[in-house]
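One file, start_28.txt, is given below (compact mmCIF, C-alpha atoms).
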```txt
# COMPACT_ATOMS: atom_id res chain seq x y z
CA MET A 1 26.90 -81.86 52.51
CA LYS A 2 28.23 -85.41 52.84
CA PHE A 3 28.29 -87.62 49.77
CA GLY A 4 28.01 -91.37 49.82
CA ILE A 5 27.59 -94.34 47.53
CA SER A 6 25.37 -97.39 47.76
CA PHE A 7 27.13 -100.75 47.80
CA PRO A 8 26.08 -102.34 44.47
CA TYR A 9 25.03 -105.81 45.66
CA ARG A 10 23.38 -106.85 42.39
CA LEU A 11 26.16 -105.69 40.06
CA ILE A 12 29.42 -106.20 41.90
CA GLY A 13 29.50 -110.01 41.79
CA ASP A 14 31.01 -112.34 44.36
CA ASP A 15 34.69 -111.37 44.51
CA PRO A 16 35.59 -110.01 47.99
CA GLU A 17 38.72 -108.41 46.58
CA LEU A 18 36.57 -106.27 44.29
CA TYR A 19 34.48 -105.26 47.32
CA ARG A 20 37.70 -104.12 49.01
CA HIS A 21 38.93 -102.18 45.99
CA PHE A 22 35.52 -100.54 45.57
CA VAL A 23 35.29 -99.11 49.10
CA GLN A 24 38.97 -98.17 49.23
CA LEU A 25 38.60 -96.22 45.98
CA ALA A 26 35.49 -94.52 47.36
CA GLU A 27 37.45 -93.43 50.41
CA GLU A 28 40.38 -92.27 48.28
CA LEU A 29 38.06 -90.16 46.11
CA GLY A 30 36.62 -88.41 49.15
CA PHE A 31 33.22 -90.05 49.65
CA GLY A 32 32.05 -89.90 53.24
CA TYR A 33 29.93 -93.03 53.60
CA VAL A 34 28.75 -96.24 51.96
CA THR A 35 25.25 -97.70 52.41
CA PHE A 36 24.17 -101.32 52.68
CA ILE A 37 20.73 -102.76 51.96
CA ASP A 38 19.39 -105.52 54.18
CA HIS A 39 17.24 -108.60 53.67
CA VAL A 40 17.75 -111.99 55.28
CA LEU A 41 15.73 -113.89 52.69
CA GLY A 42 14.76 -113.44 49.07
CA VAL A 43 11.20 -114.52 48.37
CA GLU A 44 9.27 -115.75 45.36
CA HIS A 45 6.49 -113.32 44.46
CA ALA A 46 4.07 -115.62 42.63
CA ARG A 47 0.70 -116.36 44.25
CA ARG A 48 1.28 -114.28 47.37
CA GLN A 49 -1.54 -112.82 49.43
CA PRO A 50 -1.10 -110.03 50.18
CA PRO A 51 1.07 -109.58 47.09
CA LEU A 52 4.71 -108.51 47.32
CA THR A 53 5.11 -105.47 45.10
CA VAL A 54 8.79 -104.58 45.57
CA GLN A 55 11.35 -105.70 42.99
CA TYR A 56 13.46 -107.95 45.26
CA ASN A 57 12.84 -111.67 44.79
CA GLU A 58 14.37 -115.10 45.43
CA GLU A 59 17.26 -114.35 43.04
CA SER A 60 18.28 -111.05 44.64
CA VAL A 61 21.65 -110.92 46.37
CA PHE A 62 21.92 -109.53 49.90
CA HIS A 63 25.00 -109.86 52.04
CA GLU A 64 24.51 -109.96 55.79
CA PRO A 65 25.24 -106.29 56.60
CA PHE A 66 27.02 -106.57 59.95
CA THR A 67 29.36 -109.25 58.60
CA LEU A 68 30.15 -107.33 55.43
CA MET A 69 30.62 -104.03 57.26
CA SER A 70 33.01 -105.65 59.75
CA TRP A 71 35.17 -106.97 56.92
CA LEU A 72 35.15 -103.71 54.99
CA ALA A 73 35.91 -101.72 58.15
CA ALA A 74 39.24 -103.53 58.33
CA HIS A 75 40.12 -102.29 54.83
CA THR A 76 39.11 -98.63 55.26
CA GLU A 77 39.94 -95.83 57.67
CA ARG A 78 37.38 -93.05 57.31
CA LEU A 79 34.29 -94.26 55.45
CA GLU A 80 31.13 -94.23 57.53
CA LEU A 81 29.28 -97.57 57.31
CA VAL A 82 25.52 -97.11 57.00
CA THR A 83 22.67 -99.61 56.90
CA ALA A 84 19.99 -98.22 54.60
CA VAL A 85 18.10 -99.80 56.12
CA LEU A 86 18.31 -102.73 58.52
CA VAL A 87 14.89 -104.34 59.05
CA LEU A 88 15.04 -103.95 62.80
CA ALA A 89 11.53 -105.03 63.73
CA GLN A 90 12.06 -108.59 62.47
CA ARG A 91 15.17 -109.04 64.62
CA GLN A 92 15.98 -109.54 68.30
CA ALA A 93 16.76 -106.14 69.76
CA ALA A 94 19.45 -107.35 72.16
CA LEU A 95 21.27 -109.22 69.40
CA VAL A 96 21.22 -106.16 67.12
CA ALA A 97 22.57 -104.06 70.00
CA LYS A 98 25.45 -106.52 70.41
CA GLN A 99 26.23 -106.74 66.69
CA ALA A 100 26.06 -102.98 66.18
CA ALA A 101 28.26 -102.33 69.22
CA GLU A 102 30.90 -104.70 67.82
CA VAL A 103 30.94 -103.09 64.38
CA HIS A 104 30.99 -99.61 65.90
CA GLN A 105 33.95 -100.45 68.13
CA LEU A 106 35.94 -102.40 65.54
CA SER A 107 35.49 -99.65 62.95
CA GLY A 108 36.55 -96.86 65.29
CA GLY A 109 33.04 -95.43 65.69
CA ARG A 110 32.11 -95.42 62.00
CA LEU A 111 28.73 -97.19 62.14
CA ARG A 112 25.48 -95.34 61.47
CA LEU A 113 22.52 -97.63 61.99
CA GLY A 114 19.66 -96.93 59.59
CA VAL A 115 16.61 -98.96 60.62
CA GLY A 116 13.11 -99.61 59.33
CA THR A 117 10.09 -101.83 59.77
CA GLY A 118 10.20 -103.54 56.38
CA TRP A 119 7.50 -104.71 54.00
CA ASN A 120 8.14 -108.44 53.48
CA HIS A 121 5.63 -110.40 55.54
CA VAL A 122 7.10 -113.71 54.33
CA GLU A 123 10.49 -112.78 55.73
CA TYR A 124 8.92 -111.92 59.10
CA GLU A 125 7.11 -115.26 59.20
CA SER A 126 10.27 -117.15 58.29
CA LEU A 127 12.14 -115.49 61.16
CA GLY A 128 9.36 -116.29 63.62
CA VAL A 129 8.37 -112.68 64.24
CA PRO A 130 4.81 -111.27 63.90
CA PHE A 131 4.35 -108.87 61.00
CA ASP A 132 1.46 -107.12 62.74
CA GLY A 133 2.42 -104.63 65.43
CA ARG A 134 5.90 -104.15 63.99
CA GLY A 135 5.75 -100.34 64.28
CA ALA A 136 5.15 -100.31 68.03
CA ARG A 137 7.72 -103.08 68.53
CA PHE A 138 10.23 -101.12 66.45
CA GLU A 139 9.90 -98.03 68.63
CA GLU A 140 10.47 -100.06 71.77
CA GLN A 141 13.54 -101.65 70.18
CA ILE A 142 15.22 -98.29 69.61
CA GLU A 143 14.85 -97.52 73.31
CA ILE A 144 16.40 -100.89 74.18
CA LEU A 145 19.33 -100.40 71.79
CA ARG A 146 20.28 -97.11 73.40
CA LYS A 147 20.00 -98.53 76.90
CA LEU A 148 22.18 -101.53 76.09
CA TRP A 149 24.82 -99.31 74.47
CA THR A 150 25.13 -96.99 77.47
CA GLU A 151 24.06 -98.82 80.64
CA PRO A 152 26.16 -101.59 82.23
CA VAL A 153 23.07 -103.46 83.42
CA VAL A 154 19.62 -103.01 81.90
CA ASP A 155 16.38 -103.91 83.64
CA TYR A 156 13.61 -103.36 81.11
CA ALA A 157 9.98 -104.43 80.98
CA GLY A 158 8.07 -103.29 77.91
CA THR A 159 5.11 -104.43 75.88
CA PHE A 160 7.24 -106.63 73.63
CA HIS A 161 10.56 -107.06 75.44
CA ARG A 162 11.89 -108.09 78.82
CA ILE A 163 15.53 -107.71 79.84
CA ASP A 164 16.10 -108.96 83.38
CA ARG A 165 19.22 -107.18 84.69
CA ALA A 166 21.59 -107.90 81.84
CA GLY A 167 24.02 -106.02 79.63
CA ILE A 168 26.53 -106.30 76.81
CA ARG A 169 30.31 -106.27 76.89
CA PRO A 170 32.29 -104.59 75.58
CA LEU A 171 30.09 -101.66 76.47
CA PRO A 172 30.31 -98.86 73.88
CA GLY A 173 29.43 -96.20 76.43
CA GLU A 174 27.90 -94.10 73.67
CA THR A 175 24.92 -94.50 71.41
CA VAL A 176 25.37 -95.49 67.79
CA PRO A 177 23.54 -92.94 65.60
CA VAL A 178 20.10 -94.36 64.78
CA TRP A 179 18.49 -93.08 61.59
CA LEU A 180 15.03 -94.13 60.48
CA GLY A 181 13.87 -94.99 56.99
CA GLY A 182 10.49 -95.73 55.45
CA PHE A 183 7.47 -94.17 53.84
CA SER A 184 4.70 -93.75 56.40
CA ARG A 185 3.65 -90.67 58.33
CA ALA A 186 4.04 -92.74 61.51
CA GLN A 187 7.71 -93.30 60.69
CA LEU A 188 8.27 -89.61 60.02
CA ASP A 189 6.72 -88.86 63.40
CA ARG A 190 9.00 -91.40 65.10
CA CYS A 191 12.01 -89.78 63.52
CA ALA A 192 10.97 -86.35 64.77
CA ARG A 193 10.58 -87.72 68.29
CA ILE A 194 13.41 -90.26 68.66
CA GLY A 195 15.52 -90.45 65.49
CA ASP A 196 18.94 -88.99 64.78
CA GLY A 197 18.08 -88.66 61.10
CA PHE A 198 15.90 -89.90 58.28
CA ILE A 199 16.93 -91.91 55.21
CA TRP A 200 14.61 -90.97 52.38
CA GLU A 201 13.44 -93.36 49.70
CA GLN A 202 15.42 -93.92 46.55
CA VAL A 203 15.17 -91.17 43.97
CA VAL A 204 16.48 -91.98 40.49
CA ILE A 205 16.91 -88.98 38.23
CA GLN A 206 17.85 -89.64 34.63
CA SER A 207 20.47 -87.16 33.50
CA GLY A 208 18.93 -84.35 31.49
CA GLU A 209 15.41 -85.64 32.08
CA ALA A 210 14.89 -84.76 35.70
CA ARG A 211 11.36 -84.08 36.76
CA PRO A 212 11.15 -80.38 37.67
CA GLU A 213 9.55 -81.03 41.03
CA TRP A 214 12.62 -82.87 42.28
CA TRP A 215 14.91 -80.01 41.39
CA GLN A 216 12.64 -77.27 42.64
CA LEU A 217 11.68 -78.86 45.96
CA ASN A 218 8.80 -76.46 46.24
CA GLU A 219 6.07 -76.74 48.85
CA SER A 220 4.06 -79.22 46.77
CA ASN A 221 6.97 -81.63 46.47
CA PRO A 222 6.44 -84.76 48.63
CA LEU A 223 10.08 -84.82 49.71
CA ARG A 224 9.89 -81.19 50.80
CA ARG A 225 6.63 -81.84 52.66
CA GLY A 226 8.17 -84.79 54.49
CA VAL A 227 11.25 -82.89 55.61
CA ASP A 228 9.10 -79.96 56.70
CA PHE A 229 6.86 -82.31 58.69
CA ILE A 230 9.81 -83.82 60.58
CA ARG A 231 11.30 -80.42 61.34
CA ALA A 232 8.00 -78.97 62.55
CA ARG A 233 7.16 -82.03 64.63
CA ALA A 234 10.64 -82.03 66.18
CA ALA A 235 10.15 -78.44 67.30
CA GLU A 236 6.77 -79.39 68.79
CA VAL A 237 8.36 -82.06 71.01
CA GLY A 238 11.20 -79.79 72.10
CA ARG A 239 13.97 -81.00 69.79
CA SER A 240 16.09 -78.83 67.53
CA PRO A 241 15.10 -79.53 63.90
CA ASP A 242 18.73 -78.95 62.91
CA SER A 243 19.82 -81.87 65.09
CA ILE A 244 18.09 -84.32 62.73
CA GLY A 245 19.94 -85.30 59.56
CA HIS A 246 18.36 -86.09 56.21
CA GLN A 247 19.92 -88.49 53.73
CA LEU A 248 18.63 -88.83 50.18
CA GLY A 249 19.48 -91.67 47.82
CA THR A 250 20.02 -92.59 45.14
CA ILE A 251 20.72 -89.84 42.62
CA ASP A 252 21.55 -91.46 39.30
CA THR A 253 24.71 -89.55 38.33
CA GLY A 254 27.35 -87.39 39.97
CA HIS A 255 26.44 -84.50 37.66
CA ASP A 256 22.81 -84.59 38.80
CA ALA A 257 23.87 -84.90 42.43
CA ALA A 258 26.02 -81.79 42.10
CA ARG A 259 23.03 -79.85 40.75
CA PHE A 260 20.88 -81.11 43.60
CA VAL A 261 23.15 -79.98 46.45
CA GLU A 262 21.85 -76.43 46.76
CA PRO A 263 18.09 -77.18 46.76
CA TRP A 264 18.54 -80.21 49.01
CA SER A 265 20.71 -78.44 51.60
CA GLY A 266 18.34 -75.49 51.41
CA ILE A 267 15.52 -77.50 53.01
CA GLY A 268 17.71 -79.25 55.59
CA GLY A 269 19.36 -82.05 53.61
CA THR A 270 22.70 -83.18 55.01
CA HIS A 271 23.61 -86.34 53.05
CA LEU A 272 23.33 -87.30 49.39
CA THR A 273 23.87 -90.82 48.04
CA VAL A 274 25.00 -91.30 44.45
CA ALA A 275 24.58 -94.42 42.32
CA VAL A 276 27.55 -95.95 40.49
CA ARG A 277 27.14 -97.34 36.98
CA GLY A 278 28.82 -100.47 35.72
CA GLU A 279 29.07 -104.16 36.49
CA GLY A 280 31.85 -106.18 38.06
CA PRO A 281 35.29 -104.52 37.71
CA ASP A 282 33.71 -101.80 35.51
CA LEU A 283 32.16 -100.40 38.68
CA LEU A 284 35.58 -98.99 39.58
CA ASP A 285 35.56 -96.86 36.43
CA GLY A 286 31.99 -95.87 37.18
CA LEU A 287 33.03 -94.77 40.65
CA ARG A 288 35.90 -92.69 39.25
CA HIS A 289 33.46 -91.07 36.83
CA VAL A 290 31.14 -90.07 39.68
CA GLY A 291 34.11 -88.71 41.58
CA ARG A 292 35.08 -86.53 38.61
CA ASP A 293 31.52 -85.25 38.25
CA LEU A 294 31.40 -84.18 41.90
CA GLY A 295 34.93 -82.77 41.83
CA SER A 296 35.73 -80.37 44.64
CA LEU A 297 32.36 -80.97 46.31
CA LEU A 298 33.77 -84.23 47.72
CA HIS A 299 36.45 -82.34 49.62
CA SER A 300 34.52 -79.22 50.63
```
Please render this file's structure as structure tokens.
Amino acid sequence: MKFGISFPYRLIGDDPELYRHFVQLAEELGFGYVTFIDHVLGVEHARRQPPLTVQYNEESVFHEPFTLMSWLAAHTERLELVTAVLVLAQRQAALVAKQAAEVHQLSGGRLRLGVGTGWNHVEYESLGVPFDGRGARFEEQIEILRKLWTEPVVDYAGTFHRIDRAGIRPLPGETVPVWLGGFSRAQLDRCARIGDGFIWEQVVIQSGEARPEWWQLNESNPLRRGVDFIRARAAEVGRSPDSIGHQLGTIDTGHDAARFVEPWSGIGGTHLTVAVRGEGPDLLDGLRHVGRDLGSLLHS
């Protein structure tokens, strides 16, 4: 089991030195990865049709993930850098391939690209990309990313993209791991067919008040059903279910995460993200507290 932390955009403030101390401490404690949320724009929710129901708004803070990961890569040595998730379908596929290749190379191969289709139709419109048809466009983009990462010259004609004998340099020569995130059955199916792993939705468990179904992960649990679906569908299309990773985030405390390891790994879970409590410099103490709760699990 690999343990990670989510980068606390909302709580950490605007001091880059604190960002550096935060990820360096995470690495020192033995965490394996850090995740980064992605939105280009924050949007006012009032008087929207269709309404925006997610908590992010015009006051929410989001750093540009490739830029932030590049800077943090220079201050760490082992931490895997994970987008959880990048809204791929609202971006230019070739540009994402170039940016991801740069971060992957500059970090020594530590990028894991979590991607999704997103939910914010206003953000799509602002970026000049159609919101409708994003799922099909997204699937085509993943194919393009892998071609541009491994082929010197790409000649591609798809439904949504045309690359006329072009390529990127420096050429990674290997594919960056591409994990999918989202909620829909269509996205689970895509993961089974073409994904390297799935990043499951945030799960907050209050210490001592955990809902039994999350701990038990029995056959009626929606998380269990989703993992089982991906594994079964992967076998149907000729892939090994064990080749697909499953990352869950965010468990509220290190103590709860430690309790969750056995049931989560028992159904195929490979990664577990833990939230850090605190604000500003206090986040460093919160991170140390999580590290103490997990103890030897971080180094197993």
Open item on the list: Give me, as a PyMOL selection string, all polymer residues having an atom no more than 10 Å from Arg146 (chain A), counting all atoms listed in the file and skipping those fewer than 2 positions away in the same chain.
Closed with: chain A and resi 97+141-144+148-151+173-178
- [ ] Mind giving me the straight-line distance from CA of Lys98 (chain A) to CA of His121 (chain A) in Å, one decimal?
- [x]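 CA of Lys98 (chain A) sits 25.1 Å away from CA of His121 (chain A).
Using all atoms listed in the file, the smallest distance between any of A:Ser220, A:Thr117, A:Thr67, A:Thr35 and His271 (chain A) comes from A:Thr35.
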Open item on the list: Please compute the CA of Arg20 (chain A)-CA of Leu72 (chain A) distance, one decimal, in Å.
Closed with: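 That distance, rounded to one decimal, is 6.5 Å.
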- [ ] Could you check which of A:Asn120, A:Asp256, A:Trp200, A:Ala84 is closest to Thr53 (chain A), using only C-alpha atoms?
- [x] A:Asn120
- [ ] For Leu294 (chain A), please output as a VMD selection string all residues within 7 Å (counting all atoms listed in the file; exclusion window: fewer than 4 positions along the same chain).
- [x] chain A and resid 254 to 255 258 290 298
C-alpha atoms of the current selection, written as a short mmCIF file (atom, residue, chain, number, x, y, z; two decimals), in the frame of the given file:
```
data_model
loop_
_atom_site.label_atom_id
_atom_site.label_comp_id
_atom_site.auth_asym_id
_atom_site.auth_seq_id
_atom_site.Cartn_x
_atom_site.Cartn_y
_atom_site.Cartn_z
CA GLY A 254 27.35 -87.39 39.97
CA HIS A 255 26.44 -84.50 37.66
CA ALA A 258 26.02 -81.79 42.10
CA VAL A 290 31.14 -90.07 39.68
CA LEU A 298 33.77 -84.23 47.72
#
```
TODO: Just give me the gap between CA of Thr253 (chain A) and CA of Thr83 (chain A) in Å, one decimal is fine.
DONE: 21.2 Å
- [ ] List the residues sitting within 8 Å of (26.7, -99.1, 38.8) in the file's frame, using all atoms listed in the file, as a count of residues only.
- [x] 10
